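J.: Pasting in a structure now, in C-alpha cells, and then I'll have a few things to ask.
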Amino acid sequence: MADATTLPVVTASPPPQSPLRAFWASFRENRGALAGLIVVLFIVAVAILADLIAPHAPNEQFREAVRAAPMWAEGGSSRFVLGTDSLGRDMLSRLIHGARISLFIGVAVMGVSFIVGVLMGLACVSLGNTVDVLITRLMDLIMAVPSLVLAILVVAVLGPSLTNTIVAVTIVYLPRYVRLVRASALAELGKDYVIAARVAGVGPWRLMFTTVLPNCLSPLIVQAALGVSDAILEAAALGFLGLGAQPPTAEWGTMLADAREFIRSNPWLVTLPGLAILVTVVSINLAGDGLRDALDPKMRRS
C-alpha cells in the first residue's frame with residue numbers, strides 16, 4: 001500500500017487593513033496623542049453644548065458675589081464652582097463659553113488659511129514664473145515681520161474686534177500653507193504619474209486639483225491641526241493686549257486681561273483662563289504630533 005502524499009497546509013492570510021483602520025492603529029500607538037485627542041474632543045463637546053451645561057449666562061452679573069472664591073477655597077460655595085470675576089460673573093460659565101470663542105477663532109483661521117494657502121500655492125506652480133515670484137516674495141515679506149507685531153499692526157489698522165482678530169491671525173499664518181503647498185506641488189510635478197497625466201491630455205487646473213493636490217494633503221492636514229493651537233495662542237495674546245475680542249465677550253485672552261490687576265489678591269481669576277489655554281493648546285499639539293506620525297510612515301514609532 002503506497003504512502004499517502006502529505007499535502008501542505010495552506011493558511012489564509014488575514015485581509016489587508018483599510019487605510020482608515022491602518023491610520024487609527026498607528027495613531028493610537030502614541031498614548032500622548034490619544035490622550036490629547038480625548039481632551040480636544042471633550043473641549044469641543046463643551047463648546048458645542050455651552051448653552052446647555054453652563055450654570056449661568058456668561059455676562060450675567062451677581063453684584064452680591066463680586067470676586068467670590070472658588071468652591072474649594074475659604075468662603076467659596078457650590079453656587080459658583082470656580083468663583084466669580086471682578087464684575088460678579090460666574091467664571092465657570094465664562095470659561096465654557098470662552099471655549100466656543102477660542103475654538104471658533106482657531107478653526108476659522110485654519111479654514112481660511114488652508115483654502116487661500118492651497119489656491120495661492122498651486123498658483124505659484126501653475127501660472128508661470130512671474131506669479132510665483134510675486135506670491136513668494138509677498139509671503140517672505142509677511143514672514144520677515146514677527147507674527148505678533150504683524151497681527152497688532154493689522155488690528156491697529158482695521159480696529160479691534162473678533163472678526164478683525166481672525167483676519168489678522170489668518171494673514172500671519174497664511175505663508176505656512178502657501179510655502180508648504182508650493183514645495184509639495186513642485187516635488188510632485190516631476191513624478192511619473194503627473195507626466196503620464198499631462199501626456200493623456202489632462203488640463204492644467206484638473207492636473208493641479210485632482211492629480212497633484214491629493215498627494216500633497218498629508219503635510220497640509222498636519223499643519224492645519226497644529227495651526228489651530230497657534231491661532232488660539234495668537235488670538236489670546238491679542239485679547240490680552242486689548243486688541244482681540246472686546247468685552248464683555250467671554251474670550252480667554254480677554255479674561256486674562258481683565259484679571260491681571262487681581263493676580264495677587266485673587267489669583268484664580270488669572271490661573272483659570274491660563275490653564276484653559278494651556279490645556280487646549282497642549283492637547284491639540286499632542287494630537288497633531290500623533291497625526292503627523294500616523295500620516296508619515298517615516299515618522300511612525302517603532
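As shown in the C-alpha cells, the chain order sets the letters A, B, ...; within each chain, residues go from 1, and ligands are also counted from 1 in the order they appear.
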Apply DSSP to the structure's backbone, then extract all residues of stretch 50-214 of chain A labelled helix (DSSP H, G or I) and return them as a PyMOL selection string.
T.: chain A and resi 50-53+63-65+91-126+129-144+147-158+162-189+192-199+204-214
J.: Which residues come within 8 Å of stretch 83-100 of chain A, counting only C-alpha atoms, excluding same-chain residues fewer than 4 positions away, as a compact mmCIF listing (two decimals) with N, CA and C atoms, in the first residue's frame?
T.:
```txt
# COMPACT_ATOMS: atom_id res chain seq x y z
N ILE A 43 -13.27 69.18 24.96
CA ILE A 43 -13.39 70.64 24.88
C ILE A 43 -14.35 71.05 23.77
N VAL A 44 -14.28 70.34 22.63
CA VAL A 44 -15.21 70.63 21.53
C VAL A 44 -16.65 70.37 21.96
N VAL A 46 -17.83 70.48 25.02
CA VAL A 46 -18.19 71.54 25.96
C VAL A 46 -18.54 72.82 25.21
N ALA A 47 -17.76 73.16 24.17
CA ALA A 47 -18.03 74.37 23.41
C ALA A 47 -19.38 74.29 22.68
N ILE A 48 -19.67 73.13 22.11
CA ILE A 48 -20.93 72.97 21.38
C ILE A 48 -22.13 73.04 22.32
N ALA A 50 -22.31 74.54 25.22
CA ALA A 50 -22.10 75.58 26.23
C ALA A 50 -23.41 76.14 26.77
N ASP A 51 -24.39 76.37 25.91
CA ASP A 51 -25.66 76.95 26.37
C ASP A 51 -26.42 76.01 27.29
N ALA A 54 -23.58 75.30 30.84
CA ALA A 54 -23.12 76.42 31.66
C ALA A 54 -24.17 76.74 32.71
N PRO A 55 -23.78 76.86 33.98
CA PRO A 55 -24.78 77.11 35.04
C PRO A 55 -25.41 78.48 34.96
N HIS A 56 -24.73 79.46 34.36
CA HIS A 56 -25.26 80.82 34.26
C HIS A 56 -24.93 81.37 32.88
N ALA A 57 -25.57 82.48 32.52
CA ALA A 57 -25.21 83.19 31.29
C ALA A 57 -23.82 83.80 31.47
N PRO A 58 -23.03 83.84 30.41
CA PRO A 58 -21.64 84.30 30.58
C PRO A 58 -21.50 85.74 31.03
N ASN A 59 -22.49 86.59 30.72
CA ASN A 59 -22.40 88.01 31.08
C ASN A 59 -23.35 88.39 32.22
N GLU A 60 -23.97 87.40 32.84
CA GLU A 60 -24.86 87.68 33.97
C GLU A 60 -24.03 88.07 35.19
N GLN A 61 -24.40 89.18 35.82
CA GLN A 61 -23.65 89.71 36.96
C GLN A 61 -24.39 89.46 38.27
N PHE A 62 -23.61 89.04 39.26
CA PHE A 62 -24.14 88.82 40.61
C PHE A 62 -23.42 89.80 41.53
N ARG A 63 -24.05 90.95 41.75
CA ARG A 63 -23.41 92.03 42.49
C ARG A 63 -23.10 91.65 43.93
N GLU A 64 -23.85 90.69 44.47
CA GLU A 64 -23.62 90.29 45.86
C GLU A 64 -22.45 89.32 45.99
N ALA A 65 -21.88 88.89 44.87
CA ALA A 65 -20.80 87.89 44.92
C ALA A 65 -19.65 88.30 44.02
N VAL A 66 -19.18 89.54 44.13
CA VAL A 66 -18.06 90.01 43.32
C VAL A 66 -16.76 89.37 43.82
N ARG A 67 -16.00 88.80 42.89
CA ARG A 67 -14.74 88.11 43.18
C ARG A 67 -14.91 87.05 44.27
N ALA A 68 -16.00 86.30 44.16
CA ALA A 68 -16.23 85.19 45.10
C ALA A 68 -15.19 84.11 44.88
N ALA A 69 -14.75 83.48 45.96
CA ALA A 69 -13.71 82.45 45.88
C ALA A 69 -14.27 81.17 45.27
N PRO A 70 -13.40 80.34 44.69
CA PRO A 70 -13.86 79.03 44.19
C PRO A 70 -14.42 78.16 45.31
N MET A 71 -15.11 77.12 44.93
CA MET A 71 -15.82 76.29 45.89
C MET A 71 -14.88 75.68 46.92
N GLY A 76 -15.82 79.95 49.70
CA GLY A 76 -16.44 79.53 48.45
C GLY A 76 -17.74 78.79 48.67
N PHE A 104 -13.61 78.63 17.86
CA PHE A 104 -14.11 79.23 16.62
C PHE A 104 -13.01 80.03 15.93
N ALA A 250 -16.75 86.62 26.26
CA ALA A 250 -16.04 85.66 27.13
C ALA A 250 -14.98 84.93 26.31
N GLU A 251 -13.86 85.62 26.07
CA GLU A 251 -12.73 85.02 25.37
C GLU A 251 -11.58 84.90 26.35
N TRP A 252 -10.84 83.80 26.29
CA TRP A 252 -9.85 83.51 27.34
C TRP A 252 -8.79 84.59 27.44
N ALA A 259 -8.33 90.30 34.39
CA ALA A 259 -7.99 89.82 35.73
C ALA A 259 -6.56 90.11 36.15
N LEU A 269 -8.46 84.17 39.25
CA LEU A 269 -9.01 84.87 38.11
C LEU A 269 -8.06 84.83 36.91
N PRO A 273 -8.27 80.97 33.35
CA PRO A 273 -8.19 81.14 31.89
C PRO A 273 -6.84 80.69 31.33
N ALA A 276 -6.91 77.01 30.98
CA ALA A 276 -7.76 76.62 29.84
C ALA A 276 -6.98 76.73 28.53
```
J.: Rounded to one decimal in Å, what is the spacing between atom CA of A:Leu180 and atom CA of A:Trp205?
T.: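 The value is 18.8 Å.
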J.: Please report the interatomic distance between atom CA of A:Pro204 and atom CA of A:Ile171 in Å with one decimal.
T.: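 So the two atoms, atom CA of A:Pro204 and atom CA of A:Ile171, lie 27.6 Å apart.
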J.: Leaving out A:Ile232 and any residue of its chain fewer than 3 positions from it, which residues lie within 12 Å of it when counting only C-alpha atoms, given as an NGL selection string?
T.: :A and (98-110 or 165-166 or 169-170 or 173 or 225-229 or 235-239 or 244 or 251-253 or 276-282 or 284-285)
J.: Please, could you write that set of residues out with N, CA and C atoms as a short mmCIF file (atom, residue, chain, number, x, y, z; two decimals), in the first residue's frame?
T.:
```cif
data_model
loop_
_atom_site.label_atom_id
_atom_site.label_comp_id
_atom_site.auth_asym_id
_atom_site.auth_seq_id
_atom_site.Cartn_x
_atom_site.Cartn_y
_atom_site.Cartn_z
N GLY A 98 -16.08 80.67 26.68
CA GLY A 98 -14.81 81.07 26.08
C GLY A 98 -14.21 79.98 25.21
N ALA A 99 -14.48 78.72 25.57
CA ALA A 99 -14.02 77.61 24.72
C ALA A 99 -14.63 77.71 23.33
N ARG A 100 -15.88 78.10 23.27
CA ARG A 100 -16.55 78.25 21.96
C ARG A 100 -15.88 79.35 21.14
N ILE A 101 -15.60 80.50 21.77
CA ILE A 101 -14.99 81.61 21.05
C ILE A 101 -13.59 81.25 20.58
N SER A 102 -12.77 80.68 21.48
CA SER A 102 -11.38 80.37 21.14
C SER A 102 -11.30 79.30 20.06
N LEU A 103 -12.11 78.25 20.16
CA LEU A 103 -12.10 77.22 19.13
C LEU A 103 -12.61 77.76 17.81
N PHE A 104 -13.61 78.63 17.86
CA PHE A 104 -14.11 79.23 16.62
C PHE A 104 -13.01 80.03 15.93
N ILE A 105 -12.24 80.81 16.70
CA ILE A 105 -11.14 81.57 16.12
C ILE A 105 -10.13 80.62 15.49
N GLY A 106 -9.73 79.56 16.24
CA GLY A 106 -8.75 78.62 15.72
C GLY A 106 -9.19 77.93 14.45
N VAL A 107 -10.43 77.46 14.43
CA VAL A 107 -10.94 76.74 13.25
C VAL A 107 -11.14 77.70 12.08
N ALA A 108 -11.64 78.91 12.36
CA ALA A 108 -11.84 79.87 11.27
C ALA A 108 -10.52 80.27 10.63
N VAL A 109 -9.52 80.55 11.45
CA VAL A 109 -8.21 80.92 10.91
C VAL A 109 -7.63 79.77 10.10
N MET A 110 -7.72 78.56 10.65
CA MET A 110 -7.19 77.39 9.95
C MET A 110 -7.92 77.18 8.61
N THR A 165 -9.63 90.19 14.43
CA THR A 165 -8.65 89.27 15.01
C THR A 165 -8.44 88.07 14.11
N ILE A 166 -9.54 87.51 13.60
CA ILE A 166 -9.45 86.37 12.69
C ILE A 166 -8.70 86.76 11.42
N VAL A 169 -4.83 87.19 12.29
CA VAL A 169 -4.14 85.93 12.53
C VAL A 169 -4.07 85.10 11.25
N THR A 170 -5.08 85.20 10.40
CA THR A 170 -5.05 84.49 9.11
C THR A 170 -3.90 85.00 8.25
N TYR A 173 -0.49 83.60 9.52
CA TYR A 173 -0.18 82.18 9.32
C TYR A 173 -0.38 81.71 7.89
N ALA A 225 -3.88 70.99 11.65
CA ALA A 225 -4.16 70.61 13.04
C ALA A 225 -3.33 71.43 14.02
N LEU A 226 -2.05 71.59 13.74
CA LEU A 226 -1.18 72.38 14.61
C LEU A 226 -1.48 73.87 14.49
N GLY A 227 -1.99 74.29 13.34
CA GLY A 227 -2.31 75.70 13.16
C GLY A 227 -3.46 76.18 14.02
N VAL A 228 -4.36 75.28 14.40
CA VAL A 228 -5.47 75.66 15.27
C VAL A 228 -4.94 76.14 16.62
N SER A 229 -4.00 75.40 17.20
CA SER A 229 -3.46 75.79 18.50
C SER A 229 -2.67 77.10 18.40
N ALA A 235 -4.59 84.63 19.12
CA ALA A 235 -5.80 85.38 19.45
C ALA A 235 -5.85 85.72 20.94
N ALA A 236 -5.39 84.79 21.78
CA ALA A 236 -5.35 85.06 23.22
C ALA A 236 -4.37 86.19 23.53
N ALA A 237 -3.24 86.22 22.82
CA ALA A 237 -2.27 87.30 23.02
C ALA A 237 -2.87 88.64 22.62
N LEU A 238 -3.58 88.68 21.49
CA LEU A 238 -4.23 89.93 21.09
C LEU A 238 -5.32 90.34 22.07
N GLY A 239 -6.06 89.35 22.57
CA GLY A 239 -7.08 89.65 23.57
C GLY A 239 -6.48 90.19 24.85
N GLY A 244 -8.03 92.11 20.73
CA GLY A 244 -8.78 90.98 20.20
C GLY A 244 -10.27 91.17 20.42
N GLU A 251 -13.86 85.62 26.07
CA GLU A 251 -12.73 85.02 25.37
C GLU A 251 -11.58 84.90 26.35
N TRP A 252 -10.84 83.80 26.29
CA TRP A 252 -9.85 83.51 27.34
C TRP A 252 -8.79 84.59 27.44
N GLY A 253 -8.28 85.11 26.34
CA GLY A 253 -7.28 86.17 26.40
C GLY A 253 -7.84 87.44 27.03
N ALA A 276 -6.91 77.01 30.98
CA ALA A 276 -7.76 76.62 29.84
C ALA A 276 -6.98 76.73 28.53
N ILE A 277 -6.24 77.83 28.36
CA ILE A 277 -5.42 77.99 27.15
C ILE A 277 -4.34 76.92 27.09
N LEU A 278 -3.67 76.69 28.22
CA LEU A 278 -2.57 75.72 28.26
C LEU A 278 -3.05 74.32 27.91
N VAL A 279 -4.13 73.87 28.54
CA VAL A 279 -4.62 72.51 28.32
C VAL A 279 -5.08 72.34 26.87
N THR A 280 -5.77 73.34 26.34
CA THR A 280 -6.27 73.24 24.97
C THR A 280 -5.13 73.19 23.96
N VAL A 281 -4.16 74.08 24.10
CA VAL A 281 -3.05 74.15 23.14
C VAL A 281 -2.19 72.89 23.22
N VAL A 282 -1.87 72.43 24.43
CA VAL A 282 -1.05 71.23 24.58
C VAL A 282 -1.78 70.01 24.01
N ILE A 284 -4.09 69.90 21.62
CA ILE A 284 -4.12 69.96 20.16
C ILE A 284 -2.75 69.62 19.58
N ASN A 285 -1.69 70.11 20.22
CA ASN A 285 -0.34 69.80 19.74
C ASN A 285 -0.02 68.32 19.86
#
```
J.: As an exercise, work out the distance from atom CA of A:Phe262 to atom CA of A:Gly242 in Å and give it to one decimal place.
T.: 16.8 Å
J.: Tell me, which residues of stretch 64-287 of chain A carry DSSP strand (DSSP E or B), written as a compact mmCIF listing (two decimals) with all heavy atoms, in the first residue's frame?
T.:
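What ended up in result-v2.txt:
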```txt
# COMPACT_ATOMS: atom_id res chain seq x y z
N SER A 77 -18.52 78.64 47.61
CA SER A 77 -19.80 77.92 47.69
C SER A 77 -20.02 77.16 46.40
O SER A 77 -19.40 77.45 45.36
CB SER A 77 -20.95 78.89 47.94
OG SER A 77 -21.16 79.73 46.81
N PHE A 80 -21.09 78.96 42.88
CA PHE A 80 -20.09 79.37 41.91
C PHE A 80 -18.88 78.45 42.10
O PHE A 80 -18.01 78.71 42.94
CB PHE A 80 -19.69 80.83 42.12
CG PHE A 80 -20.86 81.79 42.08
CD1 PHE A 80 -21.29 82.42 43.24
CD2 PHE A 80 -21.52 82.04 40.90
CE1 PHE A 80 -22.36 83.30 43.21
CE2 PHE A 80 -22.58 82.92 40.85
CZ PHE A 80 -23.02 83.55 42.02
N THR A 84 -16.20 83.89 40.99
CA THR A 84 -16.69 84.92 40.08
C THR A 84 -15.58 85.93 39.83
O THR A 84 -14.59 85.99 40.55
CB THR A 84 -17.91 85.66 40.67
OG1 THR A 84 -17.54 86.27 41.92
CG2 THR A 84 -19.06 84.71 40.91
N ARG A 89 -19.36 87.94 37.57
CA ARG A 89 -19.79 86.97 36.55
C ARG A 89 -19.17 85.60 36.87
O ARG A 89 -18.00 85.52 37.27
CB ARG A 89 -19.39 87.43 35.15
CG ARG A 89 -20.05 88.72 34.73
CD ARG A 89 -19.49 89.28 33.44
NE ARG A 89 -18.09 89.67 33.58
CZ ARG A 89 -17.41 90.36 32.67
NH1 ARG A 89 -18.02 90.75 31.56
NH2 ARG A 89 -16.15 90.68 32.87
N ASP A 90 -19.96 84.55 36.66
CA ASP A 90 -19.52 83.20 37.01
C ASP A 90 -18.35 82.77 36.12
O ASP A 90 -18.46 82.76 34.88
CB ASP A 90 -20.70 82.23 36.84
CG ASP A 90 -20.32 80.81 37.20
OD1 ASP A 90 -19.73 80.59 38.26
OD2 ASP A 90 -20.60 79.90 36.38
```
J.: Report as a ChimeraX atom specification all protein, DNA and RNA residues lying within 9 Å of stretch 209-221 of chain A, evaluated on only C-alpha atoms, omitting residues in the same chain fewer than 5 positions from it.
T.: /A:114,118,122,177,180-181,184-185,188-189,193-194,197,204,226,288,291-292,295-296
J.: Write a file of the just-selected residues containing C-alpha atoms, as a JSON list (two decimals), in the first residue's frame.
T.:
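In the end it all went to result16.json:
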```json
[["chain", "number", "residue", "atom", "x", "y", "z"],
["A", 114, "PHE", "CA", -5.93, 76.41, 4.34],
["A", 118, "VAL", "CA", -3.82, 75.99, -1.28],
["A", 122, "LEU", "CA", -0.97, 75.95, -6.61],
["A", 177, "TYR", "CA", 0.32, 76.95, 3.93],
["A", 180, "LEU", "CA", 4.07, 74.06, 2.09],
["A", 181, "VAL", "CA", 1.70, 73.62, -0.88],
["A", 184, "SER", "CA", 4.91, 69.75, -2.11],
["A", 185, "ALA", "CA", 3.45, 70.51, -5.54],
["A", 188, "GLU", "CA", 5.08, 66.02, -7.22],
["A", 189, "LEU", "CA", 5.26, 67.66, -10.67],
["A", 193, "TYR", "CA", 2.09, 59.83, -12.73],
["A", 194, "VAL", "CA", 1.96, 63.61, -13.31],
["A", 197, "ALA", "CA", -1.50, 62.70, -16.84],
["A", 204, "PRO", "CA", -3.72, 72.38, -16.04],
["A", 226, "LEU", "CA", -1.18, 72.38, 14.61],
["A", 288, "GLY", "CA", -1.22, 66.91, 15.89],
["A", 291, "LEU", "CA", -1.50, 62.76, 13.32],
["A", 292, "ARG", "CA", 1.91, 63.51, 11.80],
["A", 295, "LEU", "CA", 0.26, 60.03, 8.15],
["A", 296, "ASP", "CA", 4.01, 59.96, 7.51]]
```
